[in-house]
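Single-structure report; data block below.
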Amino acid sequence: MTIGIIGGGASGMVAALAAAENPQAQVILLERQARVGRKLQATGNGRCNLSNLHAGQGGYHGDNPAFARYALEAFPPEKTLEWFRQLGLFTVAEDSGRVYPYSDQANSVVDVLRFALEKPNIQVKLGVTVDKVRKVPDGFRLEFGGETLECQKLIVACGGLAGTKLGGTMSGYQLLRSLGHRCTKLRPTLVQLKTGWGGIAGLKGVRANCHAAIFRDGQLFRESSGELQFTDYGLSGPVIFEISRDVCQGKGDWLCRLDFLPEIPEETLKEELLRRKTTALPASELLTGILHNRLGRVLTQAVGISPNCPISQLSDYELSQAAAAVKEFEVELTEPMGMDCAQVTAGGILTSEFDETTMESLLVPGLYACGEVLDIDGDCGGYNLQWAWSSGRLAGAHAGRSML
């Protein structure tokens with residue numbers, strides 16, 4: 001029995017290894033790039049946040065997030081990490097539940113998978129773009145670069161559209177559509193957000209721990225706490241990625257309210273600023289020792305305080321305004337960055353057209369899909385890679401008719 005797998009990313013590699021557990025199965029993995037796992041290598045800023053210890057407890061989205069439950073329960077984070085340990089990968093978990101390779105290098109994850117694919121019944125073909133898939137009586141015929149491949153089972157693991165510079169593609173959606181499947185609207189998620197605030201350029205590169213709350217037409221839409229990074233176009237960093245899903249999608253006025261001292265009450269901050277009235281320092285130093293110097297200067301100027309005015313001459317009202325800016329600074333949001341910058345795609349092929357216990361198509365027997373190409377996306381922090389491992393394992397195991 002020949003099993004074709006389109007896509008050599010996270011879910012495709014795991015699917016290949018699971019299918020190959022049946023020694024009678026001949027697995028052919030087709031990857032359009034020059035090496036497998038290229039996108040995986042760039043995750044987590046090159047560290048590869050490969051899982052999250054809490055990923056089995058929710059944190060997934062889509063038209064039917066419950067679709068992911070069976071795969072995640074069959075191959076939860078603890079089983080996944082033990083499986084990786086057997087491949088030779090050492091991992092470490094942070095207090096937040098995020099799991100990284102002990103080496104802190106994404107290469108370690110890619111390499112253990114690449115080495116594991118060196119099996120007699122797995123063939124990896126690189127630089128192969130599948131142009132067409134046809135259903136034939138004995139299975140499927142794949143066409144690529146003037147060649148054809150026939151297989152009895154087919155797993156589509158092409159990933160999503162996000163991160164197009166690293167290999168994000170429409171091909172998985174297109175191939176599955178050609179076989180009769182439908183796709184929801186695709187949107188970027190885990191993505192930076194643009195702002196219309198003119199002062200943002202002066203903060204490029206500044207990082208700050210904060211609480212961020214996003215509002216749509218005055219109503220709280222989503223909120224989170226963590227590290228924020230300013231860019232020349234807007235807001236980035238983990239706290240923004242966590243709450244970026246569906247922001248600025250559809251009509252409405254969007255803004256982000258930032259609290260740069262979430263653990264300190266505003267009254268406590270006001271008392272500290274009032275105490276500073278005894279100094280002769282200029283107002284540009286009002287928030288020195290409290291915030292990043294550049295951030296402090298920008299916030300005081302944003303509320304109309306002259307940077308050259310001595311702190312001793314500031315009114316109590318001006319000090320209250322400065323404290324309010326630290327605790328409730330609002331910036332208008334205009335749009336998310338595009339798919340080029342997004343880490344994950346929201347939306348995808350309808351999960352209602354697949355069996356959640358096998359990942360097999362309900363429309364086309366012998367056809368499977370896994371990973372980001374399906375309409376499942378997870379929270380920031382290892383959830384999406386855990387979905388890739390779990391769904392890929394499930395699809396490969398059932399396509400190969402091996403035991404989980």
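Ordered as shown in the structure tokens, chains take letters A, B, and onward, while each chain numbers its residues from 1 and ligands are numbered from 1 in the order shown.
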Considering only C-alpha atoms, return as JSON, numbers by chain whatever protein or nucleic-acid residues lie within 8 Å of Pro101 (chain A), sequence-local ones (same chain, fewer than 3 positions apart) excluded. {"A": [47, 48, 49, 50, 89, 90, 91, 92, 104, 105, 106, 108, 109]}
Practice task
Pick out the residues sitting within 10 Å of region 323-332 of chain A, and hand them over as a VMD selection string; count only C-alpha atoms, and ignore anything fewer than 3 positions along from it in its own chain.
Solution key: chain A and resid 194 to 200 210 to 215 234 to 235 253 to 262 264 to 273 287 290 to 291 295 to 296 299 to 300 302 to 303 317 to 320 335
Of A:Cys380, A:Val130, A:Val136, A:Ala10, the one sitting nearest Gly59 (chain A) when using only C-alpha atoms is A:Cys380
Next on the checklist: Taking only C-alpha atoms into account, name the residue in A:Val247, A:Ile6, A:Val344, A:Ala25 that is nearest to Gly382 (chain A).
Outcome noted: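 Using only C-alpha atoms, Gly382 (chain A) sits closest to A:Val344.
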**Study point:** strand (DSSP E) call set, DSSP backbone run, region 55-198 of chain A, as a ChimeraX atom specification
**Key:** /A:60-61,91-93,98-101,122-126,132-136,139-144,147-151,153-156,187-189,193-195
Store the residues of this selection in a file with C-alpha atoms, as an mmCIF file, in the first residue's frame.
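What landed in again_26.cif:
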```cif
data_model
loop_
_atom_site.group_PDB
_atom_site.id
_atom_site.type_symbol
_atom_site.label_atom_id
_atom_site.label_comp_id
_atom_site.auth_asym_id
_atom_site.auth_seq_id
_atom_site.Cartn_x
_atom_site.Cartn_y
_atom_site.Cartn_z
ATOM 1 C CA TYR A 60 -8.492 26.309 20.026
ATOM 2 C CA HIS A 61 -10.684 28.174 17.544
ATOM 3 C CA THR A 91 12.803 19.561 26.068
ATOM 4 C CA VAL A 92 12.148 22.030 28.865
ATOM 5 C CA ALA A 93 8.848 23.570 30.006
ATOM 6 C CA ARG A 98 5.339 26.590 26.931
ATOM 7 C CA VAL A 99 7.702 23.834 25.856
ATOM 8 C CA TYR A 100 10.998 24.434 24.039
ATOM 9 C CA PRO A 101 13.870 22.222 22.950
ATOM 10 C CA ILE A 122 9.671 6.376 3.728
ATOM 11 C CA GLN A 123 10.740 8.257 0.625
ATOM 12 C CA VAL A 124 11.108 12.052 0.812
ATOM 13 C CA LYS A 125 10.888 14.010 -2.443
ATOM 14 C CA LEU A 126 11.987 17.663 -2.178
ATOM 15 C CA LYS A 132 -3.218 18.367 -9.562
ATOM 16 C CA VAL A 133 -4.827 15.510 -7.632
ATOM 17 C CA ARG A 134 -7.335 13.187 -9.260
ATOM 18 C CA LYS A 135 -9.455 10.468 -7.688
ATOM 19 C CA VAL A 136 -8.944 7.205 -9.543
ATOM 20 C CA GLY A 139 -6.904 5.746 -4.974
ATOM 21 C CA PHE A 140 -5.338 8.975 -6.188
ATOM 22 C CA ARG A 141 -3.142 10.203 -9.020
ATOM 23 C CA LEU A 142 -0.857 13.144 -8.222
ATOM 24 C CA GLU A 143 0.676 15.260 -10.972
ATOM 25 C CA PHE A 144 3.815 17.317 -10.431
ATOM 26 C CA GLU A 147 5.585 13.294 -13.306
ATOM 27 C CA THR A 148 2.749 11.311 -11.763
ATOM 28 C CA LEU A 149 2.388 9.315 -8.563
ATOM 29 C CA GLU A 150 -0.395 6.919 -7.735
ATOM 30 C CA CYS A 151 -1.220 6.104 -4.134
ATOM 31 C CA LYS A 153 -4.202 6.801 0.513
ATOM 32 C CA LEU A 154 -3.485 10.523 0.438
ATOM 33 C CA ILE A 155 -2.802 12.913 3.315
ATOM 34 C CA VAL A 156 -2.920 16.656 2.623
ATOM 35 C CA ARG A 187 -7.537 35.515 8.006
ATOM 36 C CA PRO A 188 -4.161 36.188 9.612
ATOM 37 C CA THR A 189 -3.795 35.425 13.324
ATOM 38 C CA LEU A 193 -1.388 45.144 14.475
ATOM 39 C CA LYS A 194 -1.087 48.496 12.731
ATOM 40 C CA THR A 195 -2.049 51.723 14.472
#
```
**Contacts of Thr231 (chain A) at 9 Å (only C-alpha atoms; same-chain gap of 5+ positions) as a VMD selection string** = chain A and resid 194 200 to 206 236
Could you make a table, as a Markdown table, of the residues of region 102-202 of chain A that have an atom within 8 Å of an atom of region 351-375 of chain A, each with its nearest atom pair and distance in Å to one decimal, counting only C-alpha atoms, in chain and number order?
```
| residue | atom | partner | partner_atom | distance |
| --- | --- | --- | --- | --- |
| A:Gly139 | CA | A:Gly366 | CA | 7.0 |
| A:Gln152 | CA | A:Gly366 | CA | 7.0 |
| A:Lys153 | CA | A:Gly366 | CA | 4.9 |
| A:Leu154 | CA | A:Leu367 | CA | 5.0 |
| A:Ile155 | CA | A:Tyr368 | CA | 4.5 |
| A:Val156 | CA | A:Ala369 | CA | 4.7 |
| A:Ala157 | CA | A:Cys370 | CA | 5.4 |
| A:Cys158 | CA | A:Val373 | CA | 6.5 |
| A:Gly159 | CA | A:Glu372 | CA | 4.7 |
| A:Gly160 | CA | A:Val373 | CA | 5.0 |
| A:Gly172 | CA | A:Val373 | CA | 6.3 |
| A:Tyr173 | CA | A:Val373 | CA | 6.6 |
| A:Leu179 | CA | A:Val364 | CA | 7.5 |
| A:Gly180 | CA | A:Leu363 | CA | 7.4 |
| A:His181 | CA | A:Glu353 | CA | 7.2 |
| A:Cys183 | CA | A:Asp375 | CA | 8.0 |
| A:Thr184 | CA | A:Asp375 | CA | 7.3 |
```
For Asp379 (chain A), list every protein, DNA or RNA residue within 9 Å, evaluated using only C-alpha atoms, and leave out those in the same chain fewer than 2 positions away; present the list as an NGL selection string.
:A and (55 or 59-61 or 190 or 241-243 or 245 or 377 or 381-384)
Residue selection dump (N, CA, C and O atoms) as a CSV table (one decimal), in the first residue's frame:
```
chain,number,residue,atom,x,y,z
A,55,ALA,N,-2.3,22.5,26.4
A,55,ALA,CA,-2.9,22.5,25.1
A,55,ALA,C,-4.1,21.5,25.1
A,55,ALA,O,-4.9,21.6,24.2
A,59,GLY,N,-8.2,26.3,24.2
A,59,GLY,CA,-7.3,27.2,23.5
A,59,GLY,C,-7.4,27.1,22.0
A,59,GLY,O,-6.4,27.6,21.4
A,60,TYR,N,-8.4,26.5,21.5
A,60,TYR,CA,-8.5,26.3,20.0
A,60,TYR,C,-9.7,27.0,19.5
A,60,TYR,O,-10.7,27.2,20.2
A,61,HIS,N,-9.6,27.4,18.2
A,61,HIS,CA,-10.7,28.2,17.5
A,61,HIS,C,-11.0,27.6,16.2
A,61,HIS,O,-10.3,26.8,15.6
A,190,LEU,N,-2.2,35.5,15.2
A,190,LEU,CA,-0.9,35.6,15.8
A,190,LEU,C,-0.1,36.5,14.9
A,190,LEU,O,0.9,36.2,14.3
A,241,PHE,N,0.1,39.1,19.8
A,241,PHE,CA,-0.2,37.9,19.1
A,241,PHE,C,-1.4,37.2,19.7
A,241,PHE,O,-2.3,36.6,19.1
A,242,GLU,N,-1.4,37.1,21.1
A,242,GLU,CA,-2.4,36.4,21.8
A,242,GLU,C,-3.8,36.9,21.6
A,242,GLU,O,-4.8,36.2,21.7
A,243,ILE,N,-4.0,38.2,21.3
A,243,ILE,CA,-5.3,38.8,21.2
A,243,ILE,C,-5.6,39.3,19.8
A,243,ILE,O,-6.6,40.0,19.6
A,245,ARG,N,-6.5,37.7,17.0
A,245,ARG,CA,-7.4,36.9,16.1
A,245,ARG,C,-8.6,37.7,15.9
A,245,ARG,O,-9.4,38.2,16.8
A,377,ASP,N,-7.3,26.7,14.6
A,377,ASP,CA,-6.1,27.4,15.0
A,377,ASP,C,-6.1,27.6,16.5
A,377,ASP,O,-7.2,27.6,17.1
A,381,GLY,N,1.6,30.3,21.9
A,381,GLY,CA,2.3,29.6,23.0
A,381,GLY,C,2.5,28.1,22.8
A,381,GLY,O,2.5,27.4,23.8
A,382,GLY,N,2.5,27.6,21.6
A,382,GLY,CA,2.7,26.1,21.4
A,382,GLY,C,1.5,25.4,21.0
A,382,GLY,O,1.5,24.2,20.7
A,383,TYR,N,0.3,26.0,21.0
A,383,TYR,CA,-0.9,25.3,20.8
A,383,TYR,C,-1.1,24.9,19.3
A,383,TYR,O,-1.6,23.8,19.0
A,384,ASN,N,-0.6,25.7,18.4
A,384,ASN,CA,-0.7,25.3,17.0
A,384,ASN,C,0.2,24.2,16.6
A,384,ASN,O,-0.2,23.3,15.8
```
Self-check item: Close residues, Leu314 (chain A) itself excluded, 10 Å, only C-alpha atoms, min 2 positions apart in chain, as a PyMOL selection string
Solution: chain A and resi 274+277+282-283+305-306+309-312+316-319
inquiry  = Between CA of Leu350 (chain A) and CA of Ser171 (chain A), what is the distance in Å, rounded to a tenth?
reply    =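 Here the two named atoms are 15.6 Å from each other.
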So the first atom is CA of Gly250 (chain A) and the second is CA of Met170 (chain A); what is the distance between them in Å, to one decimal place?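 One can read the CA of Gly250 (chain A) to CA of Met170 (chain A) distance as 22.6 Å.
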